>>> print(open('final.cif').read())   # mmCIF, C-alpha atoms and all ligand atoms
data_final
#
loop_
_atom_site.label_atom_id
_atom_site.label_comp_id
_atom_site.auth_asym_id
_atom_site.auth_seq_id
_atom_site.Cartn_x
_atom_site.Cartn_y
_atom_site.Cartn_z
CA MET A 1 -27.88 -60.45 -26.83
CA ARG A 2 -26.07 -62.70 -29.28
CA ILE A 3 -25.88 -60.48 -32.33
CA ILE A 4 -24.76 -61.68 -35.74
CA VAL A 5 -24.19 -59.44 -38.78
CA GLN A 6 -25.11 -61.03 -42.11
CA LYS A 7 -24.11 -59.21 -45.29
CA PHE A 8 -25.53 -60.16 -48.68
CA GLY A 9 -23.76 -59.00 -51.86
CA GLY A 10 -25.26 -57.83 -55.13
CA THR A 11 -25.86 -61.21 -56.73
CA SER A 12 -27.29 -62.57 -53.45
CA VAL A 13 -30.22 -60.16 -53.64
CA ALA A 14 -30.60 -59.79 -57.41
CA LYS A 15 -33.19 -62.44 -58.25
CA PRO A 16 -36.18 -63.88 -56.37
CA GLU A 17 -34.49 -67.31 -56.06
CA ASN A 18 -31.36 -65.70 -54.57
CA ARG A 19 -33.42 -63.62 -52.18
CA GLU A 20 -35.30 -66.71 -51.11
CA MET A 21 -32.01 -68.37 -50.13
CA ALA A 22 -30.70 -65.19 -48.46
CA VAL A 23 -33.82 -64.89 -46.36
CA GLN A 24 -33.50 -68.55 -45.32
CA LYS A 25 -30.00 -67.82 -43.97
CA ILE A 26 -31.42 -64.95 -41.92
CA ILE A 27 -34.28 -67.07 -40.59
CA ASN A 28 -31.87 -69.91 -39.73
CA ALA A 29 -29.67 -67.50 -37.76
CA GLN A 30 -32.66 -66.31 -35.78
CA LYS A 31 -33.84 -69.86 -35.14
CA SER A 32 -30.37 -70.70 -33.81
CA GLY A 33 -30.79 -68.06 -31.12
CA PHE A 34 -29.05 -65.12 -32.80
CA LYS A 35 -30.34 -61.63 -33.35
CA PRO A 36 -29.40 -60.88 -36.96
CA ILE A 37 -28.52 -57.45 -38.29
CA VAL A 38 -28.71 -57.78 -42.07
CA VAL A 39 -26.68 -55.61 -44.46
CA VAL A 40 -27.47 -55.60 -48.18
CA SER A 41 -25.82 -54.38 -51.38
CA ALA A 42 -27.65 -53.02 -54.41
CA MET A 43 -29.44 -55.61 -56.53
CA GLY A 44 -27.35 -57.13 -59.31
CA ARG A 45 -24.46 -55.86 -61.40
CA ARG A 46 -23.93 -53.30 -64.19
CA GLY A 47 -26.82 -53.29 -66.64
CA GLU A 48 -29.44 -54.29 -64.12
CA PRO A 49 -31.90 -51.49 -63.31
CA TYR A 50 -30.95 -50.69 -59.70
CA ALA A 51 -27.28 -51.71 -59.68
CA THR A 52 -24.89 -48.96 -58.54
CA ASP A 53 -23.26 -48.59 -61.98
CA THR A 54 -26.67 -48.21 -63.61
CA LEU A 55 -27.62 -45.45 -61.18
CA ILE A 56 -24.35 -43.61 -61.88
CA GLU A 57 -24.99 -43.79 -65.63
CA PHE A 58 -28.58 -42.64 -65.10
CA LEU A 59 -27.46 -39.33 -63.62
CA GLN A 60 -24.54 -38.92 -66.03
CA ASN A 61 -26.82 -39.45 -69.01
CA ILE A 62 -29.01 -36.58 -67.87
CA TYR A 63 -26.14 -34.25 -67.08
CA ARG A 64 -22.50 -35.12 -67.71
CA ASP A 65 -20.98 -32.82 -65.09
CA THR A 66 -22.41 -34.42 -62.01
CA HIS A 67 -21.68 -33.13 -58.54
CA ALA A 68 -20.22 -35.61 -56.04
CA ARG A 69 -22.86 -34.78 -53.42
CA GLU A 70 -25.80 -35.46 -55.75
CA MET A 71 -24.01 -38.50 -57.16
CA ASP A 72 -23.89 -39.99 -53.66
CA PHE A 73 -27.55 -39.14 -53.22
CA VAL A 74 -28.40 -41.19 -56.32
CA MET A 75 -25.92 -43.99 -55.62
CA SER A 76 -27.41 -44.62 -52.20
CA ILE A 77 -30.77 -45.52 -53.76
CA GLY A 78 -29.72 -49.03 -54.88
CA GLU A 79 -29.08 -50.30 -51.37
CA ILE A 80 -32.20 -48.59 -49.98
CA LEU A 81 -34.37 -50.42 -52.50
CA SER A 82 -32.59 -53.67 -51.76
CA ALA A 83 -33.15 -53.25 -47.99
CA ALA A 84 -36.86 -52.60 -48.58
CA VAL A 85 -37.16 -55.70 -50.79
CA ILE A 86 -35.42 -58.03 -48.31
CA ALA A 87 -37.34 -56.61 -45.34
CA THR A 88 -40.59 -57.07 -47.25
CA THR A 89 -39.65 -60.65 -48.17
CA LEU A 90 -39.00 -61.39 -44.49
CA ARG A 91 -42.30 -59.78 -43.50
CA SER A 92 -44.18 -61.84 -46.08
CA LYS A 93 -42.96 -64.91 -44.17
CA GLY A 94 -44.17 -63.54 -40.86
CA TYR A 95 -40.92 -62.03 -39.56
CA ASP A 96 -40.88 -58.55 -38.10
CA ALA A 97 -38.22 -56.97 -40.32
CA ILE A 98 -37.58 -53.28 -40.94
CA ALA A 99 -35.58 -51.61 -43.72
CA VAL A 100 -33.01 -49.18 -42.34
CA THR A 101 -30.92 -46.58 -44.21
CA GLY A 102 -27.24 -46.00 -43.42
CA TRP A 103 -28.09 -42.78 -41.59
CA GLN A 104 -30.85 -44.39 -39.56
CA ALA A 105 -28.29 -47.04 -38.62
CA GLY A 106 -26.10 -44.21 -37.25
CA ILE A 107 -23.18 -44.52 -39.67
CA ILE A 108 -21.37 -41.19 -39.49
CA THR A 109 -18.67 -40.55 -42.10
CA ASP A 110 -16.29 -37.85 -43.25
CA GLN A 111 -17.22 -35.61 -46.19
CA ASN A 112 -15.27 -37.49 -48.84
CA HIS A 113 -18.13 -38.12 -51.27
CA GLY A 114 -17.87 -41.37 -53.22
CA ASN A 115 -15.25 -42.86 -50.93
CA ALA A 116 -16.11 -41.72 -47.41
CA ASP A 117 -14.49 -43.11 -44.28
CA VAL A 118 -16.65 -44.10 -41.32
CA LEU A 119 -15.84 -41.90 -38.33
CA GLU A 120 -18.31 -43.25 -35.83
CA VAL A 121 -21.34 -45.51 -35.48
CA LYS A 122 -24.25 -44.65 -33.18
CA PRO A 123 -26.09 -47.97 -32.96
CA ALA A 124 -28.93 -46.93 -30.60
CA PHE A 125 -31.65 -47.28 -33.27
CA LEU A 126 -30.45 -50.74 -34.30
CA LEU A 127 -30.09 -51.95 -30.71
CA ARG A 128 -33.60 -50.77 -29.88
CA ALA A 129 -34.97 -52.57 -32.92
CA LEU A 130 -33.21 -55.78 -31.85
CA GLU A 131 -34.57 -55.46 -28.32
CA GLN A 132 -38.06 -55.15 -29.79
CA GLY A 133 -37.51 -58.41 -31.65
CA LYS A 134 -37.21 -56.80 -35.07
CA ILE A 135 -34.76 -57.81 -37.80
CA PRO A 136 -33.11 -54.64 -39.13
CA VAL A 137 -32.14 -54.81 -42.81
CA VAL A 138 -29.56 -52.08 -43.32
CA ALA A 139 -28.75 -50.49 -46.68
CA GLY A 140 -25.01 -51.03 -47.08
CA PHE A 141 -22.40 -48.75 -48.66
CA GLN A 142 -23.86 -45.52 -47.25
CA GLY A 143 -23.62 -43.13 -44.36
CA ILE A 144 -24.17 -39.53 -43.45
CA SER A 145 -21.55 -36.87 -42.93
CA GLU A 146 -21.34 -34.63 -39.87
CA THR A 147 -22.81 -31.88 -42.05
CA ASN A 148 -25.86 -34.04 -42.80
CA ASP A 149 -24.95 -34.96 -46.37
CA ILE A 150 -25.51 -38.47 -47.73
CA THR A 151 -22.20 -40.20 -48.46
CA THR A 152 -21.15 -43.52 -49.97
CA LEU A 153 -18.23 -45.66 -48.86
CA GLY A 154 -16.63 -46.65 -52.20
CA ARG A 155 -16.43 -50.03 -53.94
CA GLY A 156 -17.03 -52.95 -51.59
CA GLY A 157 -18.57 -50.46 -49.15
CA SER A 158 -21.26 -52.86 -47.93
CA ASP A 159 -18.52 -55.09 -46.51
CA THR A 160 -17.33 -52.06 -44.56
CA THR A 161 -20.87 -51.38 -43.36
CA ALA A 162 -21.08 -54.96 -42.05
CA ALA A 163 -17.73 -54.62 -40.26
CA VAL A 164 -18.39 -51.25 -38.60
CA LEU A 165 -21.84 -52.37 -37.45
CA GLY A 166 -20.37 -55.63 -36.12
CA GLU A 167 -17.82 -53.64 -34.16
CA ALA A 168 -20.37 -51.10 -32.87
CA VAL A 169 -22.76 -53.74 -31.48
CA SER A 170 -20.04 -56.25 -30.45
CA ALA A 171 -21.40 -58.90 -32.79
CA GLU A 172 -20.48 -62.51 -32.17
CA SER A 173 -19.58 -62.95 -35.83
CA ILE A 174 -19.85 -61.33 -39.24
CA GLU A 175 -21.03 -63.44 -42.17
CA ILE A 176 -20.31 -62.27 -45.71
CA TYR A 177 -22.62 -64.05 -48.18
CA THR A 178 -21.60 -63.98 -51.83
CA ASP A 179 -21.67 -66.00 -55.07
CA VAL A 180 -18.72 -68.31 -54.35
CA ASP A 181 -18.26 -70.97 -51.67
CA GLY A 182 -15.64 -68.97 -49.75
CA ILE A 183 -12.10 -67.73 -50.14
CA MET A 184 -10.38 -69.70 -52.88
CA THR A 185 -6.74 -70.19 -53.83
CA ALA A 186 -7.32 -67.77 -56.76
CA ASP A 187 -10.25 -66.04 -58.45
CA PRO A 188 -12.41 -68.99 -59.57
CA ARG A 189 -13.43 -67.01 -62.65
CA ILE A 190 -9.85 -67.36 -63.90
CA VAL A 191 -8.63 -70.57 -62.30
CA THR A 192 -11.27 -73.23 -62.76
CA ASN A 193 -9.49 -75.74 -60.50
CA ALA A 194 -8.93 -73.26 -57.64
CA SER A 195 -9.60 -74.86 -54.27
CA MET A 196 -11.57 -73.65 -51.27
CA ILE A 197 -9.68 -72.41 -48.22
CA ARG A 198 -11.48 -73.52 -45.06
CA TYR A 199 -9.44 -71.51 -42.54
CA ILE A 200 -7.44 -68.38 -43.12
CA THR A 201 -5.78 -65.75 -40.94
CA TYR A 202 -6.92 -62.12 -40.86
CA SER A 203 -3.55 -60.99 -42.19
CA GLU A 204 -3.66 -63.35 -45.17
CA LEU A 205 -7.24 -62.42 -45.98
CA PHE A 206 -6.33 -58.74 -45.70
CA GLN A 207 -3.45 -59.22 -48.15
CA ILE A 208 -5.57 -61.22 -50.61
CA ALA A 209 -8.29 -58.56 -50.48
CA ASP A 210 -5.81 -55.70 -50.70
CA GLN A 211 -4.14 -57.31 -53.72
CA GLY A 212 -7.38 -57.40 -55.66
CA ALA A 213 -9.61 -60.34 -54.66
CA LYS A 214 -13.03 -58.69 -54.70
CA VAL A 215 -14.63 -61.19 -52.39
CA ILE A 216 -14.25 -58.92 -49.32
CA HIS A 217 -13.02 -55.35 -48.88
CA PRO A 218 -9.65 -55.06 -47.09
CA LYS A 219 -10.99 -52.32 -44.82
CA ALA A 220 -13.68 -54.68 -43.55
CA VAL A 221 -11.06 -57.31 -42.73
CA GLU A 222 -8.99 -54.76 -40.85
CA ILE A 223 -11.95 -53.55 -38.78
CA ALA A 224 -13.04 -57.08 -37.87
CA MET A 225 -9.48 -58.02 -36.94
CA HIS A 226 -9.08 -55.04 -34.61
CA ALA A 227 -12.46 -55.72 -33.04
CA GLY A 228 -11.58 -59.42 -32.70
CA ILE A 229 -14.77 -60.52 -34.44
CA PRO A 230 -14.68 -63.80 -36.42
CA VAL A 231 -15.61 -63.44 -40.10
CA LYS A 232 -17.15 -66.15 -42.27
CA ILE A 233 -17.34 -66.00 -46.05
CA LYS A 234 -20.17 -68.14 -47.38
CA ASN A 235 -22.20 -68.88 -50.47
CA THR A 236 -25.81 -67.63 -50.41
CA MET A 237 -26.85 -70.38 -52.81
CA SER A 238 -25.35 -73.39 -51.01
CA ASP A 239 -24.83 -74.86 -47.57
CA SER A 240 -21.07 -75.18 -47.98
CA PRO A 241 -19.24 -74.45 -44.72
CA GLY A 242 -17.41 -71.46 -46.18
CA THR A 243 -14.16 -69.89 -45.03
CA MET A 244 -13.56 -69.10 -41.37
CA ILE A 245 -11.35 -66.25 -40.19
CA SER A 246 -10.65 -65.76 -36.49
CA ALA A 247 -7.92 -65.25 -33.91
CA LEU A 248 -8.19 -68.95 -33.16
CA VAL A 249 -7.31 -69.76 -36.76
CA GLU A 250 -4.39 -67.36 -36.40
CA ARG A 251 -3.02 -69.25 -33.38
CA LYS A 252 -3.53 -72.66 -34.98
CA GLN A 253 -1.76 -71.56 -38.16
CA GLN A 254 1.20 -70.27 -36.16
CA ARG A 255 1.58 -73.65 -34.52
CA LYS A 256 1.25 -75.39 -37.87
CA THR A 257 3.78 -73.16 -39.60
CA LEU A 258 6.76 -75.37 -38.98
CA LEU A 259 4.96 -78.52 -40.05
CA SER A 260 3.20 -77.27 -43.13
CA GLU A 261 4.68 -77.67 -46.59
CA GLN A 262 2.15 -75.35 -48.15
CA LEU A 263 4.00 -72.04 -48.27
CA ILE A 264 1.47 -70.16 -50.33
CA THR A 265 -2.19 -69.64 -49.51
CA SER A 266 -3.58 -67.81 -52.51
CA ILE A 267 -2.84 -65.91 -55.73
CA ALA A 268 -4.51 -62.52 -56.18
CA HIS A 269 -4.44 -60.05 -59.04
CA ILE A 270 -5.35 -56.46 -59.85
CA THR A 271 -5.75 -55.22 -63.42
CA GLY A 272 -5.58 -51.68 -64.79
CA ARG A 273 -2.22 -50.48 -63.44
CA THR A 274 0.16 -48.12 -65.18
CA GLN A 275 3.92 -48.32 -64.94
CA ILE A 276 5.94 -45.12 -65.32
CA SER A 277 9.74 -45.11 -65.69
CA ILE A 278 11.59 -41.78 -65.52
CA ASP A 279 15.24 -40.99 -66.24
CA THR A 280 16.47 -38.84 -63.38
CA LYS A 281 19.96 -37.78 -64.31
CA GLN A 282 20.04 -35.09 -61.59
CA GLY A 283 19.68 -37.75 -58.92
CA LEU A 284 18.07 -37.55 -55.52
CA GLU A 285 16.79 -34.00 -55.61
CA GLU A 286 14.97 -34.56 -58.89
CA GLN A 287 13.53 -37.82 -57.56
CA ASN A 288 12.26 -36.08 -54.46
CA ASP A 289 10.68 -33.39 -56.59
CA ILE A 290 8.85 -36.01 -58.66
CA LEU A 291 7.48 -37.71 -55.55
CA LEU A 292 6.29 -34.38 -54.16
CA ARG A 293 4.53 -33.47 -57.40
CA LEU A 294 2.73 -36.80 -57.44
CA ALA A 295 1.66 -36.37 -53.83
CA ASP A 296 0.40 -32.84 -54.61
CA HIS A 297 -1.79 -34.35 -57.31
CA GLN A 298 -3.18 -36.95 -54.84
CA ILE A 299 -1.57 -39.81 -56.72
CA SER A 300 -0.64 -42.76 -54.58
CA ILE A 301 2.26 -44.88 -55.67
CA ASP A 302 2.20 -48.62 -55.46
CA ILE A 303 5.37 -50.54 -56.35
CA ILE A 304 8.40 -48.26 -56.55
CA ASN A 305 12.07 -48.90 -57.34
CA ILE A 306 14.63 -46.11 -57.19
CA PHE A 307 18.04 -46.28 -58.87
CA PRO A 308 20.77 -43.62 -59.03
CA GLU A 309 19.58 -42.25 -62.39
CA LYS A 310 16.15 -43.75 -62.81
CA MET A 311 12.93 -44.37 -60.96
CA VAL A 312 10.17 -46.84 -61.81
CA PHE A 313 6.77 -46.85 -60.16
CA THR A 314 3.25 -48.20 -60.57
CA ILE A 315 0.01 -46.26 -60.15
CA GLU A 316 -3.69 -46.95 -60.62
CA GLY A 317 -4.59 -46.75 -64.30
CA ASN A 318 -7.23 -44.08 -63.82
CA ALA A 319 -4.61 -41.76 -62.30
CA THR A 320 -2.42 -41.90 -65.44
CA LYS A 321 -3.69 -38.63 -66.94
CA ARG A 322 -3.25 -36.79 -63.65
CA ALA A 323 0.26 -38.22 -63.24
CA MET A 324 1.27 -37.05 -66.70
CA GLU A 325 -0.03 -33.58 -65.85
CA ALA A 326 2.02 -33.59 -62.66
CA LEU A 327 5.10 -34.66 -64.63
CA ARG A 328 4.42 -32.44 -67.64
CA GLU A 329 7.91 -30.90 -67.68
CA LYS A 330 9.53 -34.33 -67.63
CA ALA A 331 7.35 -35.92 -70.29
CA ASP A 332 10.35 -36.59 -72.57
CA ALA A 333 12.09 -38.56 -69.83
CA CYS A 334 9.05 -40.74 -69.10
CA GLU A 335 8.24 -44.15 -70.44
CA VAL A 336 4.63 -45.21 -69.78
CA ILE A 337 3.18 -48.71 -69.98
CA GLU A 338 -0.57 -48.75 -69.46
CA ASN A 339 -2.94 -51.67 -68.81
CA CYS A 340 -0.56 -53.67 -66.60
CA SER A 341 -1.62 -56.12 -63.89
CA LYS A 342 -0.20 -56.88 -60.50
CA VAL A 343 -0.17 -60.57 -59.68
CA SER A 344 0.52 -61.41 -56.04
CA VAL A 345 1.43 -64.54 -54.15
CA VAL A 346 0.19 -64.44 -50.55
CA GLY A 347 1.05 -66.72 -47.62
CA ASP A 348 1.93 -66.16 -43.96
CA ARG A 349 4.15 -69.22 -44.02
CA MET A 350 6.58 -67.88 -46.62
CA ARG A 351 7.91 -65.47 -43.97
CA GLY A 352 11.67 -65.94 -43.86
CA VAL A 353 11.67 -68.87 -46.30
CA PRO A 354 14.30 -68.32 -49.02
CA GLY A 355 13.74 -69.14 -52.69
CA VAL A 356 10.09 -68.15 -53.15
CA MET A 357 10.92 -65.18 -55.39
CA SER A 358 13.15 -67.32 -57.59
CA ARG A 359 10.39 -69.92 -57.98
CA ILE A 360 7.99 -67.17 -59.02
CA ILE A 361 10.35 -65.68 -61.58
CA ARG A 362 11.20 -69.12 -62.98
CA ALA A 363 7.53 -70.10 -63.29
CA LEU A 364 6.70 -66.87 -65.10
CA THR A 365 9.67 -66.83 -67.45
CA ALA A 366 8.99 -70.47 -68.37
CA LYS A 367 5.71 -69.17 -69.83
CA GLN A 368 7.48 -66.28 -71.62
CA ILE A 369 5.91 -63.77 -69.25
CA ASP A 370 7.95 -60.57 -68.76
CA VAL A 371 8.17 -59.38 -65.17
CA LEU A 372 8.11 -55.57 -65.33
CA GLN A 373 8.59 -54.93 -61.62
CA THR A 374 8.43 -56.80 -58.32
CA SER A 375 7.81 -55.95 -54.69
CA ASP A 376 7.86 -58.11 -51.63
CA SER A 377 6.93 -58.02 -47.98
CA HIS A 378 7.25 -60.87 -45.50
CA THR A 379 4.00 -62.48 -46.56
CA THR A 380 3.30 -61.18 -50.09
CA ILE A 381 5.30 -61.09 -53.30
CA SER A 382 3.89 -59.11 -56.23
CA CYS A 383 4.91 -59.04 -59.89
CA LEU A 384 3.81 -56.46 -62.42
CA VAL A 385 3.05 -58.00 -65.80
CA LYS A 386 1.53 -56.76 -69.06
CA GLY A 387 -2.26 -56.91 -69.25
CA GLU A 388 -2.30 -59.76 -71.77
CA ASP A 389 -0.16 -61.86 -69.41
CA THR A 390 -2.55 -61.57 -66.44
CA ILE A 391 -4.38 -64.87 -66.82
CA PRO A 392 -1.31 -66.90 -67.87
CA ALA A 393 0.60 -65.46 -64.88
CA VAL A 394 -2.13 -66.32 -62.36
CA LEU A 395 -2.42 -69.82 -63.82
CA ALA A 396 1.37 -70.37 -63.84
CA LEU A 397 1.76 -69.35 -60.19
CA HIS A 398 -1.28 -71.34 -59.08
CA GLU A 399 0.30 -74.36 -60.77
CA GLU A 400 3.82 -73.70 -59.46
CA PHE A 401 2.65 -73.69 -55.83
CA LYS A 402 0.26 -76.61 -56.39
CA LEU A 403 -2.78 -74.79 -55.06
CA TYR A 404 -5.25 -76.70 -57.22
CA ILE A 405 -7.70 -79.28 -55.91
CA GLN A 406 -5.69 -82.44 -55.27
P1 LIG B 501 -20.58 -59.52 -53.84
O1 LIG B 501 -21.45 -58.86 -54.85
O2 LIG B 501 -21.23 -60.66 -53.15
O3 LIG B 501 -19.94 -58.56 -52.89
P2 LIG B 501 -18.07 -59.66 -55.29
O4 LIG B 501 -18.17 -59.72 -56.77
O5 LIG B 501 -17.68 -58.36 -54.66
O6 LIG B 501 -19.44 -60.22 -54.68
O7 LIG B 501 -17.03 -60.77 -54.78
C1 LIG B 501 -17.18 -62.11 -55.15
C2 LIG B 501 -16.28 -62.44 -56.32
O8 LIG B 501 -14.92 -62.33 -55.90
C3 LIG B 501 -16.38 -63.85 -56.81
O9 LIG B 501 -17.42 -64.01 -57.74
C4 LIG B 501 -14.99 -64.12 -57.42
O10 LIG B 501 -15.00 -64.02 -58.84
C5 LIG B 501 -14.14 -62.98 -56.87
N1 LIG B 501 -12.87 -63.45 -56.29
C6 LIG B 501 -11.64 -62.98 -56.61
N2 LIG B 501 -10.69 -63.62 -55.94
C7 LIG B 501 -11.30 -64.55 -55.17
C8 LIG B 501 -10.83 -65.52 -54.23
N3 LIG B 501 -9.53 -65.67 -53.94
N4 LIG B 501 -11.74 -66.29 -53.61
C9 LIG B 501 -13.05 -66.15 -53.88
N5 LIG B 501 -13.56 -65.25 -54.74
C10 LIG B 501 -12.71 -64.44 -55.39
MG MG B 502 -18.26 -57.23 -52.96
#
>>> encode(input="final.cif", output="structure tokens")
Amino acid sequence: MRIIVQKFGGTSVAKPENREMAVQKIINAQKSGFKPIVVVSAMGRRGEPYATDTLIEFLQNIYRDTHAREMDFVMSIGEILSAAVIATTLRSKGYDAIAVTGWQAGIITDQNHGNADVLEVKPAFLLRALEQGKIPVVAGFQGISETNDITTLGRGGSDTTAAVLGEAVSAESIEIYTDVDGIMTADPRIVTNASMIRYITYSELFQIADQGAKVIHPKAVEIAMHAGIPVKIKNTMSDSPGTMISALVERKQQRKTLLSEQLITSIAHITGRTQISIDTKQGLEEQNDILLRLADHQISIDIINIFPEKMVFTIEGNATKRAMEALREKADACEVIENCSKVSVVGDRMRGVPGVMSRIIRALTAKQIDVLQTSDSHTTISCLVKGEDTIPAVLALHEEFKLYIQ
């Protein structure tokens, strides 16, 4: 069986005209000899009646102190409705489609409500449906724990659903359909002249996703990479070829590395970070103590720089209150800057090339942008900037590395 997993995001299933296009992609896949497994997100975005955020607010408006288990119960409804709507649309055109919940699809997770990890997939039900010639339309973003509780997989969870199903059934490829033509050199909502990237490596896509590009969840990229399944990112509303990610691309890029002048592939950004600086006059022991306290409060640290008498680190904005509780006794020694953004430059080909950091700093300072902190790995350099500098910083770096359409 040549199985293909096709995932459709929120905007791809929101309106009848989008659903019409989505269903055409499914029908085309079947006509080309594939057996599609479809994965869908909830319909639309915040404000629309069955979007995930709306469902969360619905329960919170009735009772503020919601329980995580019941919250997951409610949050799973959006995707279930969406699966029923797409399956019904397919049926109305004469295709034998069935709506399938996450638990029917055999997605077993841990108990971590709201952000569960998939432990195992038992694809027997899906495989049987495919053998019977049916098109399963699976509700994304949801699973069931080993104790039989409904769980959800966190933001971007439908991408993860597509990846774990692809792995479980050894799909030939995974297609992620969304509202942009593919992976771009920056978020097209910020950089209007961002260009499309036709081919990209798993590791670059992982970095771009991990550094904030919403277009695919990093976990999904990781799963597909380990399973060796090619991923395509495409636009539901157009026939553009999209972005292709595969091991073949990886090998081609490696060969091209020496010839290519384009060091940087894409600029990504994440908003809502908090930077905390602490004077640590007592040195190493005090610094260790601070790190332990943060870990005890389940706070994960992003960029960190440690000096003999000072440490500076970045955390997710919504962990700020918890961090200040953990560091209560040191409040006087703390300086906190909220609402920062991390802007990252990603590119496999910058590995070992000197001078990239200095170009970044020069480009940002030329626009009077303060760099609050930096971090770098072989293929990614990130700068923390103030919230109001986010867009200017993304634009400046996109310009500096000439990523625009030429
Ligand atoms: P879906 O609902 O289909 O999952 P998302 O909103 O999660 O869609 O992801 C698509 C969005 O990702 C695009 O509308 C775009 O604004 C954003 N995005 C951010 N960075 C990039 C990038 N480098 N390339 C393409 N899209 C990006
Ligand atoms: Mg998404």
>>> residues_near_ligand(input="final.cif", ligand="ligand LIG 501 (chain B)", cutoff="10 Å", atoms="all atoms listed in the file", output="PyMOL selection string")
chain A and resi 7-14+40-45+155-159+176-191+194-197+205+208-209+211-217+233-236+243+265-270
>>> atom_distance(input="final.cif", atom1="CA of Gln6 (chain A)", atom2="CA of Glu222 (chain A)")
17.3 Å
>>> residues_around(input="final.cif", residues="Ala333 (chain A)", least_positions_apart="2", cutoff="8 Å", atoms="all atoms listed in the file", output="PyMOL selection string")
chain A and resi 278-280+330-331+335
>>> atom_distance(input="final.cif", atom1="CA of Val353 (chain A)", atom2="CA of Ser341 (chain A)")
25.5 Å
>>> closest_residue(input="final.cif", among="A:Thr320, A:Gln104, A:Thr160, A:Ser82", to="ligand MG 502 (chain B)", atoms="all atoms listed in the file")
A:Thr160
>>> atom_distance(input="final.cif", atom1="CA of His113 (chain A)", atom2="CA of Gly166 (chain A)")
23.3 Å
>>> closest_residue(input="final.cif", among="A:Val38, A:Gln282, A:Ala295, A:Ile108", to="Glu175 (chain A)", atoms="all atoms listed in the file")
A:Val38
>>> closest_residue(input="final.cif", among="A:Ile37, A:Val138, A:Val346, A:Ile337", to="Val385 (chain A)", atoms="only C-alpha atoms")
A:Ile337
>>> closest_residue(input="final.cif", among="A:Leu284, A:Leu372, A:Leu130, A:Ala162", to="ligand MG 502 (chain B)", atoms="all atoms listed in the file")
A:Ala162
>>> residues_around(input="final.cif", residues="Glu338 (chain A)", least_positions_apart="3", cutoff="8 Å", atoms="only C-alpha atoms", output="VMD selection string")
chain A and resid 272 to 275 317
>>> closest_residue(input="final.cif", among="A:Gln30, A:Ser170, A:Gln262, A:Ser203", to="Ile229 (chain A)", atoms="only C-alpha atoms")
A:Ser170
>>> residues_near_point(input="final.cif", point="(6.6, -66.9, -49.5)", cutoff="6 Å", atoms="all atoms listed in the file", output="list of chain:residue names")
A:Leu263, A:Gly347, A:Met350, A:Arg351, A:Val356, A:Thr379
>>> closest_residue(input="final.cif", among="A:Gly387, A:Pro218, A:Gly283, A:Gly33", to="ligand MG 502 (chain B)", atoms="only C-alpha atoms and all ligand atoms")
A:Pro218
>>> residues_around(input="final.cif", residues="Ile80 (chain A)", least_positions_apart="3", cutoff="6 Å", atoms="all atoms listed in the file", output="compact mmCIF listing (two decimals) with C-alpha atoms, in the coordinates of the input")
# COMPACT_ATOMS: atom_id res chain seq x y z
CA ILE A 77 -30.77 -45.52 -53.76
CA ALA A 83 -33.15 -53.25 -47.99
CA ALA A 139 -28.75 -50.49 -46.68
>>> decode(input="final.cif", residues="region 71-77 of chain A", atoms="N, CA, C and O atoms", output="PDB file, in the first residue's frame")
ATOM      1  N   MET A  71     -10.468  19.971  30.659  1.00  0.00           N
ATOM      2  CA  MET A  71     -10.068  20.925  29.622  1.00  0.00           C
ATOM      3  C   MET A  71      -9.689  20.174  28.344  1.00  0.00           C
ATOM      4  O   MET A  71     -10.093  20.546  27.248  1.00  0.00           O
ATOM      5  N   ASP A  72      -8.942  19.089  28.492  1.00  0.00           N
ATOM      6  CA  ASP A  72      -8.569  18.283  27.322  1.00  0.00           C
ATOM      7  C   ASP A  72      -9.800  17.683  26.642  1.00  0.00           C
ATOM      8  O   ASP A  72      -9.882  17.581  25.419  1.00  0.00           O
ATOM      9  N   PHE A  73     -10.741  17.278  27.470  1.00  0.00           N
ATOM     10  CA  PHE A  73     -11.993  16.711  26.979  1.00  0.00           C
ATOM     11  C   PHE A  73     -12.671  17.720  26.040  1.00  0.00           C
ATOM     12  O   PHE A  73     -13.075  17.390  24.916  1.00  0.00           O
ATOM     13  N   VAL A  74     -12.734  18.968  26.495  1.00  0.00           N
ATOM     14  CA  VAL A  74     -13.385  20.023  25.706  1.00  0.00           C
ATOM     15  C   VAL A  74     -12.532  20.397  24.488  1.00  0.00           C
ATOM     16  O   VAL A  74     -13.039  20.566  23.382  1.00  0.00           O
ATOM     17  N   MET A  75     -11.212  20.512  24.719  1.00  0.00           N
ATOM     18  CA  MET A  75     -10.340  20.950  23.619  1.00  0.00           C
ATOM     19  C   MET A  75     -10.309  19.956  22.466  1.00  0.00           C
ATOM     20  O   MET A  75     -10.007  20.323  21.337  1.00  0.00           O
ATOM     21  N   SER A  76     -10.596  18.694  22.752  1.00  0.00           N
ATOM     22  CA  SER A  76     -10.531  17.697  21.682  1.00  0.00           C
ATOM     23  C   SER A  76     -11.737  17.781  20.732  1.00  0.00           C
ATOM     24  O   SER A  76     -11.742  17.178  19.664  1.00  0.00           O
ATOM     25  N   ILE A  77     -12.740  18.555  21.152  1.00  0.00           N
ATOM     26  CA  ILE A  77     -13.980  18.617  20.359  1.00  0.00           C
ATOM     27  C   ILE A  77     -13.751  19.281  18.989  1.00  0.00           C
ATOM     28  O   ILE A  77     -14.315  18.860  17.979  1.00  0.00           O
TER      29      ILE A  77
END
